[in-house]
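Text of structure-v9.txt (compact mmCIF, C-alpha atoms) as supplied:
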# COMPACT_ATOMS: atom_id res chain seq x y z
CA MET A 559 32.74 16.79 21.40
CA ARG A 560 29.39 18.07 20.17
CA THR A 561 30.36 21.71 20.64
CA ARG A 562 33.67 21.07 18.86
CA VAL A 563 31.94 19.53 15.82
CA LEU A 564 29.34 22.30 15.73
CA GLY A 565 32.07 24.92 16.16
CA TRP A 566 34.05 23.43 13.28
CA LEU A 567 30.97 23.47 11.03
CA ASP A 568 29.92 26.95 12.19
CA GLU A 569 33.32 28.43 11.38
CA ARG A 570 33.00 27.18 7.80
CA MET A 571 29.24 27.53 7.16
CA GLY A 572 28.19 30.47 9.33
CA LEU A 573 25.43 28.45 10.96
CA THR A 574 25.04 30.78 13.96
CA ALA A 575 24.56 33.78 11.68
CA ILE A 576 21.84 31.91 9.76
CA TYR A 577 20.23 30.78 13.00
CA HIS A 578 20.15 34.32 14.41
CA SER A 579 18.81 35.97 11.28
CA VAL A 580 16.14 33.30 10.72
CA LEU A 581 14.95 32.51 14.23
CA ASP A 582 16.00 35.47 16.40
CA ARG A 583 14.31 38.12 14.31
CA LYS A 584 12.61 40.96 16.11
CA VAL A 585 8.84 40.80 15.65
CA PRO A 586 6.16 43.33 16.59
CA LYS A 587 3.37 42.33 18.96
CA VAL A 588 1.01 40.40 16.70
CA ASN A 589 -1.81 37.86 16.96
CA TRP A 590 -2.48 34.27 15.91
CA ALA A 591 -3.41 35.32 12.36
CA PHE A 592 0.32 35.85 11.83
CA THR A 593 0.93 32.08 12.10
CA LEU A 594 -0.93 31.42 8.82
CA GLY A 595 2.25 31.81 6.75
CA SER A 596 4.10 29.19 8.83
CA ALA A 597 1.00 26.99 8.64
CA SER A 598 1.05 27.31 4.83
CA LEU A 599 4.72 26.35 4.76
CA PHE A 600 4.10 23.37 7.04
CA LEU A 601 1.25 22.18 4.80
CA ALA A 602 3.35 22.65 1.65
CA VAL A 603 6.15 20.52 3.14
CA THR A 604 3.63 17.88 4.28
CA GLN A 605 2.11 17.76 0.80
CA GLY A 606 5.58 17.40 -0.70
CA LEU A 607 6.55 14.52 1.59
CA THR A 608 3.27 12.61 1.30
CA GLY A 609 3.33 13.24 -2.47
CA ILE A 610 6.79 11.68 -2.72
CA PHE A 611 5.48 8.66 -0.85
CA LEU A 612 2.42 8.34 -3.12
CA MET A 613 4.74 8.42 -6.14
CA VAL A 614 6.24 5.11 -5.00
CA TYR A 615 3.07 3.27 -6.08
CA TYR A 616 1.10 5.62 -8.33
CA VAL A 617 1.13 5.05 -12.10
CA PRO A 618 -0.12 7.88 -14.37
CA HIS A 619 -1.72 5.69 -17.04
CA PRO A 620 -5.47 5.45 -17.78
CA ASP A 621 -5.37 1.65 -17.39
CA GLN A 622 -3.55 1.68 -14.09
CA ALA A 623 -4.04 5.02 -12.33
CA TYR A 624 -7.32 4.03 -10.67
CA GLU A 625 -6.03 0.55 -9.80
CA SER A 626 -2.79 1.86 -8.32
CA VAL A 627 -4.62 4.43 -6.18
CA ASN A 628 -6.96 1.66 -5.05
CA TYR A 629 -3.92 -0.44 -4.18
CA ILE A 630 -2.39 2.41 -2.14
CA THR A 631 -5.66 2.94 -0.26
CA HIS A 632 -6.50 -0.69 0.51
CA ASP A 633 -3.38 -2.86 0.26
CA VAL A 634 -0.29 -0.87 1.23
CA ALA A 635 0.46 -0.54 4.94
CA PHE A 636 -0.64 2.97 6.05
CA GLY A 637 -1.40 3.82 2.43
CA TRP A 638 -4.85 5.05 3.50
CA LEU A 639 -3.13 7.38 5.98
CA ILE A 640 -0.63 8.86 3.54
CA ARG A 641 -3.25 9.33 0.83
CA GLY A 642 -5.66 10.74 3.41
CA ILE A 643 -3.10 13.30 4.62
CA HIS A 644 -2.34 14.31 1.02
CA HIS A 645 -6.06 14.53 0.15
CA TRP A 646 -7.16 16.57 3.19
CA GLY A 647 -3.89 18.50 3.34
CA ALA A 648 -4.58 19.76 -0.19
CA THR A 649 -7.96 21.19 0.79
CA LEU A 650 -6.56 22.61 4.01
CA MET A 651 -3.65 24.20 2.18
CA VAL A 652 -5.95 26.06 -0.22
CA VAL A 653 -7.96 27.33 2.77
CA VAL A 654 -4.91 28.33 4.84
CA VAL A 655 -3.06 30.02 1.97
CA PHE A 656 -6.22 31.97 1.15
CA LEU A 657 -6.66 33.05 4.79
CA HIS A 658 -2.97 34.05 4.82
CA MET A 659 -3.68 36.32 1.84
CA LEU A 660 -6.75 37.80 3.57
CA ARG A 661 -4.74 38.59 6.69
CA THR A 662 -2.04 40.29 4.60
CA PHE A 663 -4.70 42.27 2.79
CA PHE A 664 -6.68 43.38 5.84
CA TYR A 665 -3.58 44.41 7.79
CA ALA A 666 -2.26 46.23 4.67
CA ALA A 667 0.98 44.26 4.96
CA TYR A 668 1.44 44.32 1.17
CA LYS A 669 2.55 47.99 1.19
CA TYR A 670 6.08 49.42 0.85
CA PRO A 671 8.59 47.77 1.17
CA ARG A 672 6.77 44.43 0.93
CA GLU A 673 5.27 44.64 -2.58
CA ILE A 674 7.42 41.80 -3.95
CA THR A 675 6.51 39.58 -0.99
CA TRP A 676 2.88 40.21 -1.91
CA LEU A 677 3.43 39.53 -5.63
CA THR A 678 5.25 36.25 -5.00
CA GLY A 679 2.46 35.42 -2.53
CA VAL A 680 -0.17 35.95 -5.23
CA LEU A 681 1.75 33.57 -7.50
CA LEU A 682 2.03 31.07 -4.66
CA LEU A 683 -1.76 31.17 -4.18
CA LEU A 684 -2.29 30.60 -7.91
CA ILE A 685 0.18 27.70 -7.92
CA THR A 686 -1.56 26.20 -4.90
CA LEU A 687 -4.84 26.30 -6.83
CA GLY A 688 -3.06 24.79 -9.84
CA MET A 689 -1.76 21.97 -7.65
CA GLY A 690 -5.31 21.33 -6.47
CA PHE A 691 -6.67 21.36 -10.01
CA THR A 692 -4.03 19.04 -11.50
CA GLY A 693 -3.98 16.71 -8.49
CA TYR A 694 -7.75 16.24 -8.58
CA LEU A 695 -7.53 14.36 -11.91
CA LEU A 696 -4.86 11.89 -10.88
CA PRO A 697 -7.04 9.22 -9.13
CA TRP A 698 -8.76 8.87 -12.54
CA ASN A 699 -12.15 7.99 -11.06
CA GLN A 700 -15.51 9.26 -12.33
CA ARG A 701 -15.41 12.37 -10.15
CA ALA A 702 -11.86 13.24 -11.23
CA TYR A 703 -12.61 12.66 -14.91
CA TRP A 704 -15.77 14.77 -15.02
CA ALA A 705 -14.44 17.49 -12.73
CA THR A 706 -11.53 17.96 -15.13
CA THR A 707 -13.89 17.84 -18.11
CA VAL A 708 -15.86 20.67 -16.50
CA GLY A 709 -12.77 22.59 -15.32
CA THR A 710 -11.08 22.56 -18.72
CA SER A 711 -14.40 23.46 -20.39
CA ILE A 712 -14.62 26.53 -18.16
CA ALA A 713 -11.13 27.52 -19.37
CA GLY A 714 -12.57 27.08 -22.87
CA THR A 715 -15.06 29.91 -22.32
CA VAL A 716 -12.31 32.55 -22.42
CA PRO A 717 -13.06 34.91 -25.38
CA PHE A 718 -11.11 34.16 -28.58
CA LEU A 719 -8.34 32.07 -26.95
CA GLY A 720 -10.72 29.71 -25.11
CA PRO A 721 -10.72 26.73 -27.51
CA PHE A 722 -6.93 26.90 -27.76
CA ILE A 723 -6.46 27.02 -23.97
CA GLU A 724 -8.89 24.11 -23.58
CA SER A 725 -7.10 21.84 -26.04
CA ALA A 726 -3.69 22.89 -24.67
CA LEU A 727 -4.80 21.88 -21.16
CA ARG A 728 -6.30 18.60 -22.40
CA GLY A 729 -3.57 17.81 -24.90
CA GLY A 730 -6.26 17.30 -27.52
CA SER A 731 -9.98 17.74 -27.98
CA ASP A 732 -10.98 15.29 -25.22
CA LEU A 733 -9.63 13.98 -21.96
CA SER A 734 -7.16 11.17 -22.67
CA ALA A 735 -3.91 9.56 -21.59
CA LEU A 736 -2.25 12.80 -22.75
CA THR A 737 -4.34 14.82 -20.30
CA LEU A 738 -3.45 12.51 -17.43
CA ALA A 739 0.25 12.59 -18.33
CA ARG A 740 0.49 16.38 -18.61
CA PHE A 741 -1.52 16.97 -15.43
CA PHE A 742 0.72 14.49 -13.67
CA SER A 743 3.94 16.14 -14.85
CA ALA A 744 2.60 19.58 -13.94
CA HIS A 745 1.55 18.26 -10.53
CA ILE A 746 4.83 16.61 -9.58
CA TRP A 747 7.43 18.73 -11.43
CA THR A 748 6.51 22.06 -12.96
CA LEU A 749 4.27 23.43 -10.24
CA PRO A 750 6.24 22.09 -7.23
CA ALA A 751 9.49 23.46 -8.70
CA ALA A 752 7.89 26.87 -9.19
CA LEU A 753 6.35 26.64 -5.72
CA ALA A 754 9.68 25.82 -4.08
CA GLY A 755 11.50 28.64 -5.87
CA LEU A 756 8.88 31.22 -5.01
CA ILE A 757 8.69 30.05 -1.38
CA GLY A 758 12.45 30.65 -1.26
CA ILE A 759 12.07 34.25 -2.46
CA HIS A 760 9.02 34.81 -0.25
CA LEU A 761 10.83 33.60 2.88
CA TYR A 762 14.01 35.50 2.06
CA LEU A 763 11.96 38.71 1.86
CA VAL A 764 10.14 37.95 5.11
CA ILE A 765 13.50 37.45 6.84
CA ARG A 766 15.08 40.48 5.18
CA LEU A 767 12.21 42.90 5.80
CA GLY A 768 10.69 41.47 8.97
CA ILE A 769 6.94 41.29 9.43
CA SER A 770 4.71 44.33 9.56
CA HIS A 771 2.96 45.46 12.73
CA ILE A 772 -0.80 45.60 13.10
CA PRO A 773 -1.93 49.03 11.81
CA ALA A 774 -3.04 51.47 14.53
CA GLU A 775 -6.43 53.20 14.26
CA ASP A 776 -4.99 56.52 13.07
CA GLU A 777 -2.77 54.95 10.40
CA MET B 1195 10.03 30.21 43.12
CA PRO B 1196 13.62 28.96 43.06
CA GLU B 1197 15.53 29.23 39.80
CA LYS B 1198 16.90 25.73 40.16
CA VAL B 1199 15.68 22.62 41.86
CA SER B 1200 18.98 21.22 42.97
CA GLY B 1201 19.99 18.40 45.23
CA GLU B 1202 18.67 15.70 42.90
CA GLY B 1203 21.35 16.47 40.29
CA LEU B 1204 18.67 17.30 37.72
CA ASP B 1205 18.00 20.96 37.10
CA ARG B 1206 15.03 22.38 35.26
CA ARG B 1207 16.97 23.02 32.05
CA SER B 1208 18.20 19.46 31.61
CA PHE B 1209 14.76 18.11 32.56
CA VAL B 1210 13.15 20.19 29.79
CA THR B 1211 15.88 19.18 27.34
CA GLY B 1212 15.29 15.53 28.17
CA VAL B 1213 11.51 15.76 27.85
CA VAL B 1214 11.81 17.58 24.51
CA GLY B 1215 14.22 14.92 23.26
CA LEU B 1216 11.92 12.14 24.43
CA MET B 1217 8.83 13.67 22.85
CA GLY B 1218 10.78 14.29 19.64
CA GLY B 1219 11.81 10.65 19.60
CA ILE B 1220 8.22 9.48 20.11
CA ILE B 1221 6.95 11.76 17.32
CA ALA B 1222 9.74 10.59 14.99
CA ALA B 1223 8.80 6.96 15.69
CA VAL B 1224 5.07 7.59 15.18
CA ILE B 1225 5.79 9.18 11.79
CA GLY B 1226 8.80 7.09 10.76
CA LEU B 1227 7.52 3.56 11.44
CA PRO B 1228 4.32 3.87 9.34
CA ALA B 1229 6.41 5.52 6.59
CA LEU B 1230 8.82 2.58 6.65
CA GLY B 1231 5.92 0.11 6.65
CA TYR B 1232 4.42 1.90 3.65
CA LEU B 1233 7.66 1.68 1.67
CA LEU B 1234 8.35 -1.94 2.57
CA ALA B 1235 4.75 -3.25 2.28
CA PRO B 1236 5.24 -5.27 -0.95
CA ALA B 1237 8.44 -6.83 0.37
CA LEU B 1238 6.78 -7.87 3.63
CA LYS B 1239 3.84 -9.50 1.89
CA ASN B 1240 3.75 -13.31 2.12
CA THR B 1241 3.91 -14.65 -1.44
CA ALA B 1242 4.71 -18.29 -0.59
CA SER B 1243 3.14 -20.91 -2.83
CA ASP B 1244 3.35 -24.70 -2.96
CA GLU B 1245 1.73 -26.60 -5.81
CA TRP B 1246 2.05 -29.49 -8.22
CA VAL B 1247 2.25 -28.23 -11.80
CA PRO B 1248 1.41 -30.60 -14.71
CA LEU B 1249 3.97 -30.38 -17.52
CA GLY B 1250 2.27 -32.75 -19.97
CA PRO B 1251 2.39 -36.43 -20.96
CA LEU B 1252 5.73 -38.10 -20.26
CA GLU B 1253 5.25 -40.35 -23.29
CA GLY B 1254 6.95 -38.89 -26.32
CA VAL B 1255 9.65 -37.03 -24.38
CA PRO B 1256 12.94 -37.94 -26.15
CA ILE B 1257 15.33 -40.25 -24.35
CA ASP B 1258 18.70 -38.85 -23.18
CA GLN B 1259 17.91 -35.45 -24.61
CA PRO B 1260 17.23 -32.46 -22.31
CA THR B 1261 13.85 -31.11 -23.38
CA LEU B 1262 12.60 -27.67 -22.36
CA PHE B 1263 9.08 -27.44 -20.93
CA SER B 1264 7.65 -23.95 -20.50
CA PHE B 1265 4.63 -22.97 -18.46
CA THR B 1266 3.19 -19.83 -16.93
CA ARG B 1267 1.66 -19.15 -13.55
CA VAL B 1268 -0.63 -16.20 -12.94
CA LYS B 1269 0.32 -14.19 -9.85
CA GLN B 1270 -1.24 -11.18 -8.22
CA VAL B 1271 1.55 -8.55 -8.09
CA GLY B 1272 0.49 -5.22 -6.65
CA TRP B 1273 -2.67 -4.19 -8.49
CA GLU B 1274 -1.91 -6.41 -11.46
CA ARG B 1275 -2.27 -10.08 -12.29
CA ASN B 1276 0.97 -11.04 -14.01
CA ALA B 1277 1.82 -14.18 -15.94
CA ALA B 1278 5.22 -15.36 -14.74
CA SER B 1279 6.90 -17.79 -17.13
CA TYR B 1280 8.98 -20.78 -16.08
CA GLY B 1281 11.19 -23.21 -17.95
CA VAL B 1282 12.40 -26.63 -16.82
CA TYR B 1283 14.51 -29.22 -18.59
CA VAL B 1284 13.21 -32.78 -18.48
CA ILE B 1285 15.91 -35.43 -18.93
CA ARG B 1286 14.57 -38.93 -19.46
CA GLY B 1287 17.28 -41.57 -19.08
CA SER B 1288 17.31 -44.74 -21.18
CA ASP B 1289 17.08 -46.72 -17.91
CA GLY B 1290 13.73 -45.09 -17.12
CA SER B 1291 15.25 -42.51 -14.72
CA LEU B 1292 13.91 -38.99 -14.80
CA SER B 1293 15.38 -35.68 -13.68
CA ILE B 1294 13.87 -32.24 -13.87
CA LEU B 1295 16.29 -29.29 -13.84
CA SER B 1296 15.45 -25.66 -13.38
CA ASN B 1297 16.71 -23.39 -16.17
CA ILE B 1298 17.62 -20.68 -13.64
CA CYS B 1299 21.37 -20.24 -13.36
CA THR B 1300 22.57 -20.67 -9.77
CA HIS B 1301 24.98 -17.75 -10.17
CA LEU B 1302 22.75 -14.67 -10.66
CA SER B 1303 19.44 -16.09 -11.96
CA CYS B 1304 19.79 -15.65 -15.72
CA ARG B 1305 18.22 -18.43 -17.81
CA VAL B 1306 20.43 -21.23 -19.13
CA SER B 1307 19.84 -23.05 -22.40
CA TRP B 1308 20.87 -26.50 -23.64
CA LYS B 1309 23.40 -26.54 -26.48
CA ASP B 1310 23.34 -29.77 -28.46
CA GLU B 1311 26.69 -29.18 -30.14
CA ASN B 1312 28.63 -28.94 -26.85
CA GLN B 1313 26.29 -31.15 -24.83
CA ASP B 1314 26.03 -28.57 -22.03
CA TYR B 1315 23.80 -25.86 -20.59
CA VAL B 1316 25.17 -22.35 -21.14
CA CYS B 1317 24.34 -19.26 -19.16
CA PRO B 1318 24.80 -16.23 -21.48
CA CYS B 1319 25.29 -13.71 -18.66
CA HIS B 1320 28.66 -14.80 -17.25
CA ASP B 1321 29.51 -17.82 -19.38
CA GLY B 1322 28.54 -20.46 -16.85
CA HIS B 1323 28.51 -24.07 -18.16
CA PHE B 1324 26.59 -27.00 -16.68
CA GLY B 1325 26.74 -30.67 -17.69
CA LYS B 1326 23.70 -32.68 -18.78
CA ASP B 1327 23.03 -33.72 -15.15
CA GLY B 1328 23.24 -30.09 -14.02
CA ALA B 1329 26.74 -30.23 -12.49
CA VAL B 1330 28.91 -27.13 -12.87
CA LEU B 1331 31.53 -27.59 -15.61
CA SER B 1332 33.06 -24.12 -15.67
CA GLY B 1333 32.34 -20.49 -14.90
CA PRO B 1334 31.11 -18.71 -11.77
CA PRO B 1335 28.00 -20.78 -10.73
CA PRO B 1336 28.43 -21.89 -7.11
CA ARG B 1337 26.27 -25.05 -7.25
CA PRO B 1338 24.55 -27.40 -9.73
CA LEU B 1339 21.22 -26.49 -11.35
CA ASP B 1340 18.26 -26.94 -8.99
CA ARG B 1341 16.15 -30.08 -9.30
CA PHE B 1342 12.40 -30.42 -8.96
CA GLU B 1343 10.60 -33.14 -7.06
CA HIS B 1344 8.36 -34.91 -9.58
CA ARG B 1345 5.80 -37.69 -10.11
CA VAL B 1346 3.83 -39.27 -12.92
CA ASP B 1347 0.10 -39.74 -12.37
CA GLU B 1348 -2.13 -42.63 -13.56
CA ALA B 1349 -2.80 -40.88 -16.87
CA GLY B 1350 0.93 -40.65 -17.57
CA THR B 1351 1.15 -36.92 -16.98
CA LEU B 1352 4.38 -35.57 -15.55
CA LEU B 1353 3.97 -33.19 -12.62
CA ILE B 1354 6.58 -31.15 -10.78
CA HIS B 1355 6.49 -29.74 -7.27
CA LEU B 1356 6.82 -25.96 -7.49
CA VAL B 1357 7.61 -24.34 -4.14
CA GLU B 1358 8.17 -20.58 -3.93
CA GLY B 1359 8.66 -17.91 -1.31
Representation of the structure as structure tokens:
Amino acid sequence: MRTRVLGWLDERMGLTAIYHSVLDRKVPKVNWAFTLGSASLFLAVTQGLTGIFLMVYYVPHPDQAYESVNYITHDVAFGWLIRGIHHWGATLMVVVVFLHMLRTFFYAAYKYPREITWLTGVLLLLITLGMGFTGYLLPWNQRAYWATTVGTSIAGTVPFLGPFIESALRGGSDLSALTLARFFSAHIWTLPAALAGLIGIHLYLVIRLGISHIPAEDE
Amino acid sequence: MPEKVSGEGLDRRSFVTGVVGLMGGIIAAVIGLPALGYLLAPALKNTASDEWVPLGPLEGVPIDQPTLFSFTRVKQVGWERNAASYGVYVIRGSDGSLSILSNICTHLSCRVSWKDENQDYVCPCHDGHFGKDGAVLSGPPPRPLDRFEHRVDEAGTLLIHLVEG
């Protein structure tokens, strides 16, 4: 029965072909540093799932953001766990994605024909940092408020364009409900959508090109 | 080492498949049950309440004329304290009888209102009609308007028994 159903689906969707090209790829003899990409993907998915769960209770309004986060942490069953995973997962994801970049750099895996994989990877690192920056404001506590004040002020030190960038980030001259709303929308829509699209391209290229071997001494 | 441990009817391959399935099930439960608890937390919270609410002095309430009394109760909902509003109709009979009807329609919980011209309560949602005593006259409501237990204290204040949850 099971084989018949799978066979029926396979005939129409080409599942076996997908399975073979994704999971039965030939890989060179590599080390544990080559698991950092999968680890990044796992963390991104975890952040997405826990983020969706946090959205059930979180309210992006200056009067309620802090209270709703407090409610998640102290009143909702396992709320502390889901928020904790999202909080620590964010830090871990920045670390792991950065290490993934270092590995690619040190093994010279960014060279022909993998330049586009590298470029999308650079964007993915920047988006990961953007997720960290926008997410940090959302609890709307003292630390979040002042960290974002400082962070957006740093953006304001750019020559010529600085003041414009600063007020564009803040949605005005100071942090306000507008800042919280735009950081929230960037954190749950714009950046995740860009992240998902780029991960798609990045993975397609990894599957298409295979992974590079560890350079030999004379290379 | 033999390729297969046979004789017991369980070879290595099906043993591994079974263990993987079992472990997968345990992991799914460990992740899924807290996730379900998280989503359902507000629904599982006990919000039952049982109290006597003073409506005001009974003296002065018109005879044979349904009179709406409104009051609010403050409730903790999530991270907010909300004021929930209630309305009850007090009907004071000329013989000294007293009945307190809820203004919540028994069909789908819209609020009914007393219409003097037709001498009935009308629910605007699905055109339900109730008589002065709360009995269904026409429309979809399945049962008469709910009644509240009530008493009048020494000072002449009317109180109703509000039970929720």
Sorted per-residue table, chain A near chain B, closest atoms and distance, 12 Å, all atoms listed in the file, as a Markdown table:
| residue | atom | partner | partner_atom | distance |
| --- | --- | --- | --- | --- |
| A:Thr604 | CA | B:Ile1225 | CA | 11.7 |
| A:Leu607 | CA | B:Ala1229 | CA | 10.3 |
| A:Thr608 | CA | B:Ala1229 | CA | 9.4 |
| A:Ile610 | CA | B:Leu1233 | CA | 11.0 |
| A:Phe611 | CA | B:Leu1233 | CA | 7.7 |
| A:Leu612 | CA | B:Tyr1232 | CA | 9.6 |
| A:Met613 | CA | B:Leu1233 | CA | 10.7 |
| A:Val614 | CA | B:Leu1233 | CA | 7.6 |
| A:Tyr615 | CA | B:Gly1272 | CA | 8.9 |
| A:Tyr616 | CA | B:Trp1273 | CA | 10.5 |
| A:Val617 | CA | B:Trp1273 | CA | 10.6 |
| A:Asp621 | CA | B:Glu1274 | CA | 10.6 |
| A:Gln622 | CA | B:Trp1273 | CA | 8.2 |
| A:Ala623 | CA | B:Trp1273 | CA | 10.1 |
| A:Tyr624 | CA | B:Trp1273 | CA | 9.7 |
| A:Glu625 | CA | B:Trp1273 | CA | 6.0 |
| A:Ser626 | CA | B:Trp1273 | CA | 6.1 |
| A:Val627 | CA | B:Trp1273 | CA | 9.1 |
| A:Asn628 | CA | B:Trp1273 | CA | 8.0 |
| A:Tyr629 | CA | B:Trp1273 | CA | 5.8 |
| A:Ile630 | CA | B:Tyr1232 | CA | 9.0 |
| A:Thr631 | CA | B:Tyr1232 | CA | 10.9 |
| A:His632 | CA | B:Trp1273 | CA | 10.4 |
| A:Asp633 | CA | B:Gly1272 | CA | 8.3 |
| A:Val634 | CA | B:Ala1235 | CA | 5.7 |
| A:Ala635 | CA | B:Tyr1232 | CA | 4.8 |
| A:Phe636 | CA | B:Tyr1232 | CA | 5.7 |
| A:Gly637 | CA | B:Tyr1232 | CA | 6.2 |
| A:Trp638 | CA | B:Tyr1232 | CA | 9.8 |
| A:Leu639 | CA | B:Pro1228 | CA | 8.9 |
| A:Ile640 | CA | B:Ala1229 | CA | 8.4 |
| A:Arg641 | CA | B:Tyr1232 | CA | 11.0 |
Seminar exercise, completed: If you count all atoms listed in the file, the residue of B:Gln1270, B:Gln1259, B:Ser1208, B:Gln1313 closest to Asn1240 in chain B turns out to be B:Gln1270
Problem set entry | Close residues, range 769-776 of chain A itself excluded, 8 Å, all atoms listed in the file, min 4 positions apart in chain, as a PyMOL selection string | chain A and resi 585-588+665-667+764
Centre and size of axis-aligned box enclosing range 1318-1330 of chain B plus 3 Å each side, as JSON:
{"center_x": 26.3, "center_y": -23.7, "center_z": -17.0, "size_x": 12.5, "size_y": 26.0, "size_z": 15.0}
Exercise. Distance CA of Asp1244 in chain B-CA of Ser1293 in chain B, one decimal place?
Worked result: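 Separation between CA of Asp1244 in chain B and CA of Ser1293 in chain B: 19.5 Å.
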Problem set entry | Neighbour list for Thr707 in chain A as number ranges by chain, cut-off 10 Å, only C-alpha atoms, skip fewer than 4 positions in-chain | A: 695, 701-703, 711-712, 724, 728, 732-733
